[in-house]
>>> print(open('data-v5.cif').read())   # mmCIF, C-alpha atoms
data_work
loop_
_atom_site.label_atom_id
_atom_site.label_comp_id
_atom_site.auth_asym_id
_atom_site.auth_seq_id
_atom_site.Cartn_x
_atom_site.Cartn_y
_atom_site.Cartn_z
CA THR A 1 71.80 63.68 86.35
CA LEU A 2 72.91 64.02 82.74
CA ASP A 3 70.44 65.39 80.22
CA VAL A 4 70.41 64.69 76.49
CA ALA A 5 72.39 67.86 75.79
CA GLY A 6 75.20 66.64 78.03
CA ALA A 7 74.65 69.16 80.84
CA PHE A 8 75.40 67.83 84.33
CA THR A 9 73.46 68.81 87.44
CA SER A 10 73.46 67.49 90.99
CA GLN A 11 72.71 68.77 94.45
CA GLY A 12 75.00 71.81 94.83
CA ILE A 13 76.50 71.64 91.32
CA ASP A 14 75.14 73.29 88.19
CA ASP A 15 77.17 72.87 85.00
CA ASN A 16 76.16 75.10 82.11
CA ALA A 17 79.53 75.10 80.35
CA ASP A 18 79.52 74.64 76.58
CA ALA A 19 82.97 72.99 76.66
CA THR A 20 85.11 70.99 79.09
CA ALA A 21 85.62 73.24 82.11
CA ILE A 22 87.24 70.89 84.65
CA THR A 23 89.56 67.94 83.98
CA ILE A 24 90.85 65.40 86.50
CA ASP A 25 93.72 63.46 84.97
CA SER A 26 95.09 60.02 85.83
CA SER A 27 97.43 61.54 88.43
CA GLU A 28 94.42 63.16 90.12
CA ASN A 29 95.58 66.63 89.12
CA VAL A 30 92.70 69.06 88.57
CA GLY A 31 92.69 71.34 85.56
CA ILE A 32 90.33 74.31 85.39
CA GLY A 33 90.19 75.75 81.90
CA THR A 34 92.86 73.26 80.78
CA SER A 35 92.81 69.56 79.97
CA SER A 36 96.51 69.11 80.81
CA PRO A 37 97.05 70.20 84.44
CA HIS A 38 100.70 70.52 85.52
CA SER A 39 100.06 70.40 89.29
CA ILE A 40 97.44 69.36 91.85
CA ILE A 41 95.33 72.38 90.86
CA ASN A 42 96.07 74.16 87.60
CA ALA A 43 93.82 77.06 86.55
CA GLN A 44 94.32 78.46 83.08
CA GLY A 45 93.06 81.80 81.82
CA SER A 46 93.68 83.83 78.70
CA GLY A 47 93.95 87.41 77.56
CA THR A 48 95.53 90.22 79.56
CA ALA A 49 94.04 89.07 82.90
CA GLY A 50 95.31 85.49 82.78
CA ALA A 51 94.01 83.11 85.45
CA VAL A 52 92.47 84.71 88.56
CA LEU A 53 91.78 82.95 91.86
CA THR A 54 89.12 84.73 93.94
CA LEU A 55 88.64 84.24 97.70
CA GLU A 56 85.46 85.99 98.79
CA ASN A 57 83.77 86.74 102.13
CA SER A 58 80.00 87.01 101.61
CA ASN A 59 79.50 89.02 104.82
CA THR A 60 78.00 92.39 103.89
CA ALA A 61 78.99 94.06 107.18
CA LEU A 62 82.70 93.35 107.69
CA SER A 63 84.45 94.66 110.79
CA SER A 64 88.12 95.34 111.46
CA GLY A 65 89.95 92.02 111.92
CA ASN A 66 87.52 90.00 109.80
CA THR A 67 89.23 87.78 107.22
CA LEU A 68 88.36 88.15 103.54
CA GLY A 69 90.26 85.01 102.57
CA SER A 70 93.26 82.85 103.53
CA ILE A 71 95.80 80.48 102.02
CA GLU A 72 97.04 77.82 104.46
CA PHE A 73 100.07 75.53 104.22
CA TYR A 74 99.43 72.26 106.08
CA SER A 75 101.91 69.65 107.28
CA ASN A 76 101.22 65.99 108.16
CA ASP A 77 104.65 65.55 109.78
CA ALA A 78 104.33 63.03 112.62
CA SER A 79 107.00 64.73 114.75
CA THR A 80 105.87 66.36 118.01
CA ASN A 81 103.73 69.45 117.28
CA ALA A 82 104.88 69.40 113.65
CA ASN A 83 101.55 68.72 111.98
CA GLY A 84 98.75 71.11 111.20
CA VAL A 85 98.81 74.56 109.61
CA ARG A 86 102.46 75.68 109.50
CA ALA A 87 102.12 78.88 107.50
CA LYS A 88 99.29 81.17 106.42
CA ILE A 89 98.56 84.23 104.27
CA ASN A 90 95.52 86.27 105.29
CA ALA A 91 93.72 89.25 103.80
CA ASN A 92 92.10 90.97 106.80
CA ALA A 93 89.83 93.97 106.94
CA SER A 94 91.55 96.74 108.93
CA SER A 95 88.45 98.92 109.07
CA ALA A 96 84.77 98.75 108.21
CA SER A 97 85.31 100.93 105.12
CA GLY A 98 87.21 98.49 102.88
CA ALA A 99 90.79 99.02 104.10
CA THR A 100 92.67 95.71 103.98
CA ASP A 101 95.93 94.33 105.42
CA ILE A 102 97.82 91.33 103.96
CA ILE A 103 99.34 89.22 106.76
CA PHE A 104 102.04 86.52 106.55
CA SER A 105 102.36 84.06 109.47
CA ASN A 106 104.26 80.86 110.25
CA THR A 107 105.25 78.62 113.17
CA VAL A 108 108.52 77.89 114.94
CA SER A 109 109.89 74.37 115.54
CA ALA A 110 107.67 72.06 117.63
CA ASP A 111 104.99 74.72 118.07
CA THR A 112 101.53 74.79 116.51
CA THR A 113 100.86 78.48 117.16
CA LEU A 114 100.94 80.71 114.10
CA VAL A 115 102.95 83.89 114.65
CA GLU A 116 102.59 86.93 112.42
CA ARG A 117 105.94 87.75 110.76
CA MET A 118 105.12 90.37 108.15
CA ARG A 119 102.24 92.63 107.21
CA ILE A 120 101.51 95.00 104.34
CA ASP A 121 98.99 97.38 105.83
CA SER A 122 96.24 99.26 104.04
CA SER A 123 98.50 102.31 103.62
CA GLY A 124 101.16 100.24 101.82
CA ASN A 125 103.56 100.19 104.79
CA LEU A 126 105.68 97.05 105.25
CA LEU A 127 105.75 95.88 108.89
CA VAL A 128 108.22 93.12 109.81
CA GLY A 129 107.91 91.57 113.26
CA THR A 130 105.36 94.18 114.35
CA THR A 131 101.75 95.14 113.70
CA THR A 132 102.29 98.84 114.46
CA SER A 133 103.03 101.40 111.76
CA PHE A 134 104.98 104.52 112.73
CA ASN A 135 103.60 106.37 109.72
CA ALA A 136 100.78 107.92 111.72
CA LEU A 137 103.33 109.37 114.17
CA ASN A 138 106.02 110.89 111.98
CA GLY A 139 105.33 110.04 108.35
CA ARG A 140 108.44 107.85 108.11
CA GLY A 141 107.07 104.38 108.73
CA ASP A 142 106.95 102.91 105.21
CA ILE A 143 109.13 100.03 106.46
CA VAL A 144 109.13 99.11 110.16
CA ALA A 145 111.16 96.16 111.53
CA GLY A 146 111.14 94.97 115.14
CA ASN A 147 108.65 94.85 117.98
CA GLY A 148 110.20 97.19 120.56
CA SER A 149 110.82 94.40 123.08
CA SER A 150 113.70 92.34 121.62
CA ASN A 151 116.80 92.71 119.47
CA GLY A 152 116.28 93.77 115.87
CA GLY A 153 118.35 94.48 112.81
CA MET A 154 118.74 94.54 109.06
CA THR A 155 121.50 92.89 107.04
CA ILE A 156 122.69 93.89 103.57
CA TYR A 157 124.60 90.86 102.24
CA THR A 158 127.03 91.38 99.34
CA GLY A 159 130.19 89.84 97.92
CA SER A 160 133.61 90.45 99.48
CA SER A 161 134.57 92.88 96.69
CA ASN A 162 131.21 94.62 96.37
CA GLN A 163 129.36 97.48 98.05
CA GLY A 164 126.22 97.60 100.16
CA ALA A 165 124.28 100.84 100.50
CA ILE A 166 121.22 102.62 101.79
CA THR A 167 120.19 105.37 99.36
CA PHE A 168 117.96 108.42 99.81
CA ALA A 169 116.24 109.72 96.67
CA ASP A 170 113.92 112.58 95.78
CA GLY A 171 113.49 111.58 92.13
CA THR A 172 114.18 108.78 89.66
CA SER A 173 116.62 110.31 87.19
CA GLY A 174 120.18 111.58 87.47
CA ASP A 175 121.52 112.29 90.93
CA GLN A 176 117.95 112.69 92.21
CA ALA A 177 118.08 108.92 92.63
CA TYR A 178 120.98 109.11 95.12
CA ARG A 179 120.92 112.51 96.86
CA GLY A 180 121.99 110.86 100.10
CA LYS A 181 123.77 107.54 100.64
CA VAL A 182 125.44 105.45 103.31
CA GLU A 183 127.70 102.86 101.66
CA TYR A 184 130.01 100.12 102.92
CA ASN A 185 132.80 99.11 100.52
CA HIS A 186 133.85 95.53 101.28
CA SER A 187 136.89 95.64 98.99
CA ASN A 188 138.70 98.05 101.33
CA ASP A 189 136.42 97.96 104.41
CA SER A 190 135.48 101.63 104.35
CA MET A 191 132.20 103.36 105.24
CA ILE A 192 131.19 106.27 103.01
CA PHE A 193 128.61 109.00 103.65
CA ASN A 194 127.23 110.98 100.71
CA ILE A 195 125.21 114.20 101.02
CA GLY A 196 123.89 116.19 98.05
CA ALA A 197 124.98 113.32 95.73
CA THR A 198 128.62 113.91 96.77
CA GLU A 199 130.87 112.02 99.18
CA ARG A 200 131.37 114.16 102.29
CA PHE A 201 132.80 111.78 104.88
CA ARG A 202 134.64 108.43 104.87
CA VAL A 203 135.77 106.10 107.66
CA HIS A 204 138.70 103.89 106.62
CA SER A 205 139.39 100.31 107.73
CA GLY A 206 141.99 101.44 110.28
CA GLY A 207 139.56 103.82 111.97
CA ASN A 208 140.93 107.00 110.35
CA PHE A 209 138.45 109.27 108.65
CA SER A 210 138.54 111.83 105.88
CA ILE A 211 136.27 114.80 105.23
CA ALA A 212 135.57 115.94 101.65
CA SER A 213 138.31 113.54 100.52
CA THR A 214 138.53 109.88 99.56
CA SER A 215 142.01 109.32 101.03
#
>>> encode(input="data-v5.cif", output="structure tokens")
Amino acid sequence: TLDVAGAFTSQGIDDNADATAITIDSSENVGIGTSSPHSIINAQGSGTAGAVLTLENSNTALSSGNTLGSIEFYSNDASTNANGVRAKINANASSASGATDIIFSNTVSADTTLVERMRIDSSGNLLVGTTTSFNALNGRGDIVAGNGSSNGGMTIYTGSSNQGAITFADGTSGDQAYRGKVEYNHSNDSMIFNIGATERFRVHSGGNFSIASTS
């Protein structure tokens, strides 16, 4: 129904906006807070918060494993087992006290089963290929990669004349930012080990090594 003031109501919809709130353009794009949507759904906000999308679970007694909200990526590919939900981002309760994990999942070729690939747990640990954090065991599980039952690894990819490094810091300024370092120099194929912000050991491309020297 449309009353004389221009307010629209129907079963399940109550519009009390005093200006245009939702626009559907000729391309069937939906604009929320904007009359010129740039994509299928375009929400526009203002101020310091910008536009916010809220996914809410109304359950007042959430348990560990319950999902607060999800974003799914769906395919209509007609190839064998290629249609359906192909990727998903979940926010799951990890306890009954408000702790939450963010979970990223996708599928492999010709398989409809979603497999978890990465998780940011409620303690801020990044888990890749596993759901288990080592942080509770030794306090060093901020980033965990691998599942303990197959090959695993990490690649640092640089240019042929550049360096790749893993750095250990105990501060953010001066040499606090690089107190320890393992570095590979691709320009001369050497591996360098720094301790106390100073190079202590180097392995050269021919297999020779030097201690407290760069040559």
>>> atom_distance(input="data-v5.cif", atom1="atom CA of A:Ser105", atom2="atom CA of A:Met118")
7.0 Å
>>> closest_residue(input="data-v5.cif", among="A:Val30, A:Gln163, A:Leu62, A:Gly153", to="A:Ala43", atoms="all atoms listed in the file")
A:Val30
>>> resolve_selection(input="data-v5.cif", expression="the PyMOL selection byres ((chain A and resi 189) around 10)", output="list of chain:residue names")
A:Ser160, A:Ser161, A:Gln163, A:Tyr184, A:Asn185, A:His186, A:Ser187, A:Asn188, A:Ser190, A:Met191, A:Ile192, A:Val203, A:His204, A:Ser205, A:Gly206
>>> atom_distance(input="data-v5.cif", atom1="atom CA of A:Glu72", atom2="atom CA of A:Lys88")
4.5 Å
>>> residues_around(input="data-v5.cif", residues="A:Ser46", least_positions_apart="5", cutoff="12 Å", atoms="only C-alpha atoms", output="number ranges by chain")
A: 33-34, 51-52
>>> atom_distance(input="data-v5.cif", atom1="atom CA of A:Gly45", atom2="atom CA of A:Ile13")
21.6 Å
>>> closest_residue(input="data-v5.cif", among="A:Ser95, A:Asn125, A:Ser35, A:Tyr178", to="A:Ala19", atoms="all atoms listed in the file")
A:Ser35
